[in-house]
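Enquirer: Got a structure for you, questions after.
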Amino acid sequence: MAAQGVVRWLEDLSLGDVSLVGGKNASMGELIRTLAPKGIRVPGGFATISQAYWDFLDANDLRSPIIEQMVALRRGADLAEVGATVREMIMGAEFPPHLEQGLRDAYRELGARLQRENPDVAVRSSATAEDLPEASFAGQQETFLNITGEVALLEACKRCYASLFTDRAINYRQDHDFDHLKVALAIGVQEMVRSDLAGAGVMFSIDTDSGFPRVVLINASWGLGESVVAGAVDPDEYLVFKPLLENQALTPVISKKVGSKRSKIVYGQSGDDPTQTDETTEKEQQAFVLDDREILQLARWATVIEDHYDAAMDVEWAKDGHSGDLYIVQARPETVQARKDASTLRSYRLTEHGTELTSGVAIGDAIAAGKVCNLSSSEEIDRFEDGAVLVTGITDPDWEPIMRRAAAIVTDHGGRTSHAAIVSRELGVAAVVGTGDATTILSDGQQITVSCAEGDKGVVYEGILQYEDREIDLADIPESTTEVMLNVADPSASFRWWRLPADGVGLARMEFMINNQIQIHPMALVGFDDLEDGDVRRRIAELTRGYDDKAQFFVERLAYGIARIAATWWPKPVIVDERSEDQRIRQAHRRYGVRAAGGESHAWLAGSQPLLQRGVPAGFRSRVPGRSPGPRRYGSDQYRCHDPVLPHPARSRSSP
């Protein structure tokens, strides 16, 4: 085969070339060829064809030895030993001259295109099986970043070939009865985006847990994007409302949450270690990775890609730290929600209360219970019992055999686009990720309940709690000539009800939004500098990460809560009510001993603390003679604020 025959430039590829160069490379070619004219930036590069892999095996007479190892595996040989043996054979083999020359020539040409010698590149594996269209090998093979020089490139390509025989890849093919020698591997080589100097992440053109189609979900962290994909960090999370993206005068960001982002993957100090993991600074941990302009640009790109593919999309992005430009580095159709039956709605509800042990990001909306199996490594697979709750730091594809047997999954790190989250959705397993402390709080054998039925927040409770599991056939809901509207208490749970045939929201209580979305009394934010309780100050500082102006945190989080509810039923009406019930106020006063004097009550809430607690109303309430109920009930001078961000409630109907 001629040297040029083993390589294809990405811009010459399309989705029709999946069998030739694998899904990743075909998708990148499709984006460059069809969407670059629409302003979407994709780093250039080249791909080896699948035939190059067979040429590599044949040049080293590896087919028969591989078959022998796979036969031994079926006869009971140890998977780890078989995989290690095959990988060692591949790493000890030599590239046939035409393949080596083809890789060297393409790499040199890429350098000429970029106008620099020995460019740093990403080397990505992409398995392909021409006569097995139902096969999916996503996430099983390796990617190598910051590869520089021809020798390092050849070594990385060989390691890609070897990754076709990782334990998890072999096990997948065994489980699905795929012939190991009918699966080839193509390699993609792309210019590196210097996101190690900026940030990167993952976005979906759909809400990943509810299937709500009118938002873009973006996760972001500092450094290379592998940390987000692997779930090694707790990333920022942004939600954008798609129907208003075309209006350039609007900023339809309906949620922003700053993640802790305690580490980042950056370029290494030597060729032997092309990447390394560093701790982030306190400033990086407190800051948002993206500003609103960048969030909207990514969201608009997500909708363009979604429209082109005519499917909800899973997209990886990166920001170059030198130029400040954003890039798309991978795109593939979303698969979990696409397979769900849209005509049914399944809901879960706890029917008894328990003690909260830890919490994180809820994946899905299910509830599960069982005993804890706390594992530090996938090598401890033999300790795992079917039906246990897997508790660990992070997961990668090596964990998947255990995850399939788990009743639920709880991790210390990760966001809604991490490996643990994606696989949990695919398996239909309840998961709580990014708890920060699950592995230290939860012990082996402990009985727990994992609840993802409380909005975005996933909670781990002590003990085995009772719960309801109902499935509703939406076709069975009768039509009504009367407008039927919903009451909504928690904005974070609103997306899960978007399929209900409701005529909007008849009541969204602002006090519940404050309890659920903000969790801090407004006056504690206004008077943050005057708070004397050190523990309270630290807790508020943690909740308001990313906001130097604490009052602005209150305003934005309240606005995001209202916007999220409104987006769920847009363009149907949503009625927001700021009033609280007098009876609940009096009950709260009796229960928590809130100080009341002179007809006025001003509660820091729960024993004079400025942190809100569940079931405790917010705000100052007083009956002012001659004034009607409603916003003018807030009559205490202590509630007045000179900060224009928080106007006196008596002057504005939209005030908290």
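Just remember, in the structure tokens the first chain shown is A, the second B, etc., residues are 1-based per chain, and ligands are 1-based in the order shown.
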Tell me, counting only C-alpha atoms, for each residue of segment 312-371 of chain A within 9 Å of segment 430-449 of chain A, which pair of atoms is nearest and how far apart they are in Å to one decimal, in rows ordered by chain and increasing number, as a Markdown table.

Expert:
| residue | atom | partner | partner_atom | distance |
| --- | --- | --- | --- | --- |
| A:Gly354 | CA | A:Thr449 | CA | 8.8 |
| A:Leu357 | CA | A:Ile441 | CA | 7.4 |
| A:Thr358 | CA | A:Thr435 | CA | 6.5 |
| A:Ser359 | CA | A:Thr435 | CA | 5.3 |
| A:Gly360 | CA | A:Thr435 | CA | 4.2 |
| A:Val361 | CA | A:Val433 | CA | 5.2 |
| A:Ala362 | CA | A:Val432 | CA | 4.9 |
| A:Ile363 | CA | A:Ala431 | CA | 5.2 |
| A:Gly364 | CA | A:Ala430 | CA | 6.3 |
| A:Asp365 | CA | A:Ala430 | CA | 7.1 |
| A:Ala366 | CA | A:Ala430 | CA | 5.4 |
| A:Ile367 | CA | A:Ala430 | CA | 6.2 |
| A:Ala368 | CA | A:Thr449 | CA | 5.9 |
| A:Ala369 | CA | A:Thr449 | CA | 4.2 |
| A:Gly370 | CA | A:Gln447 | CA | 5.7 |
| A:Lys371 | CA | A:Gln447 | CA | 4.3 |

Enquirer: Could you list, as a PyMOL selection string, every residue within 9 Å of Leu20 of chain A, counting only C-alpha atoms and ignoring same-chain residues fewer than 2 positions away?

Expert: chain A and resi 16-18+22+26+48-51+128+130+186

Enquirer: Keeping N, CA, C and O atoms for every residue in the selection just given, could you write it to a file as a tab-separated table (two decimals), in the first residue's frame?

Expert:
chain	number	residue	atom	x	y	z
A	16	GLY	N	-20.08	9.27	6.37
A	16	GLY	CA	-20.10	8.04	5.58
A	16	GLY	C	-18.82	7.24	5.66
A	16	GLY	O	-18.74	6.13	5.11
A	17	ASP	N	-17.82	7.77	6.36
A	17	ASP	CA	-16.52	7.10	6.43
A	17	ASP	C	-16.27	6.42	7.77
A	17	ASP	O	-15.11	6.14	8.12
A	18	VAL	N	-17.33	6.13	8.53
A	18	VAL	CA	-17.16	5.52	9.85
A	18	VAL	C	-16.41	4.20	9.74
A	18	VAL	O	-15.49	3.92	10.53
A	22	GLY	N	-13.35	5.12	11.63
A	22	GLY	CA	-13.95	5.15	12.96
A	22	GLY	C	-14.86	6.34	13.18
A	22	GLY	O	-14.80	7.34	12.45
A	26	ALA	N	-14.56	10.29	11.69
A	26	ALA	CA	-15.59	10.63	10.72
A	26	ALA	C	-16.40	11.84	11.18
A	26	ALA	O	-16.74	12.73	10.40
A	48	THR	N	-5.57	7.64	10.53
A	48	THR	CA	-5.19	6.41	9.83
A	48	THR	C	-6.45	5.63	9.50
A	48	THR	O	-7.46	5.74	10.20
A	49	ILE	N	-6.40	4.85	8.45
A	49	ILE	CA	-7.55	4.04	8.09
A	49	ILE	C	-7.50	2.70	8.81
A	49	ILE	O	-6.45	2.28	9.30
A	50	SER	N	-8.63	2.04	8.88
A	50	SER	CA	-8.70	0.77	9.61
A	50	SER	C	-7.80	-0.30	8.99
A	50	SER	O	-7.25	-1.15	9.70
A	51	GLN	N	-7.58	-0.24	7.66
A	51	GLN	CA	-6.73	-1.23	7.01
A	51	GLN	C	-5.29	-1.16	7.53
A	51	GLN	O	-4.57	-2.17	7.56
A	128	THR	N	-13.53	0.41	15.10
A	128	THR	CA	-14.53	0.33	14.05
A	128	THR	C	-14.74	-1.13	13.65
A	128	THR	O	-13.81	-1.93	13.67
A	130	GLU	N	-16.76	-2.84	10.53
A	130	GLU	CA	-17.54	-2.56	9.32
A	130	GLU	C	-18.80	-3.42	9.24
A	130	GLU	O	-19.86	-2.95	8.85
A	186	ALA	N	-8.78	2.63	14.17
A	186	ALA	CA	-8.23	3.77	13.45
A	186	ALA	C	-7.69	4.77	14.47
A	186	ALA	O	-8.09	4.75	15.64

Enquirer: Excluding segment 308-319 of chain A and its own-chain neighbours fewer than 5 positions away, which residues fall within 8 Å of it when counting only C-alpha atoms? Please give them as a ChimeraX atom specification.

Expert: /A:193-195,198-206,213,224-225,302,324-334,338

Enquirer: Using only C-alpha atoms for the distances, tell me which of A:Val574, A:Asn146, A:Asp179, A:Ala493 is nearest to Gln269 of chain A.

Expert: A:Asn146

Enquirer: Tell me which of A:Ala72, A:Ile477, A:Ile540, A:Val450 sits closest to Ala524 of chain A, counting only C-alpha atoms.

Expert: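 With only C-alpha atoms as the atom set, the closest residue is A:Ile540.
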
Enquirer: Need to verify the contact set: Ala220 of chain A, 10 Å, only C-alpha atoms, exclusion of same-chain residues closer than 2 positions in sequence. Can you return it as a count of residues only?

Expert: 28
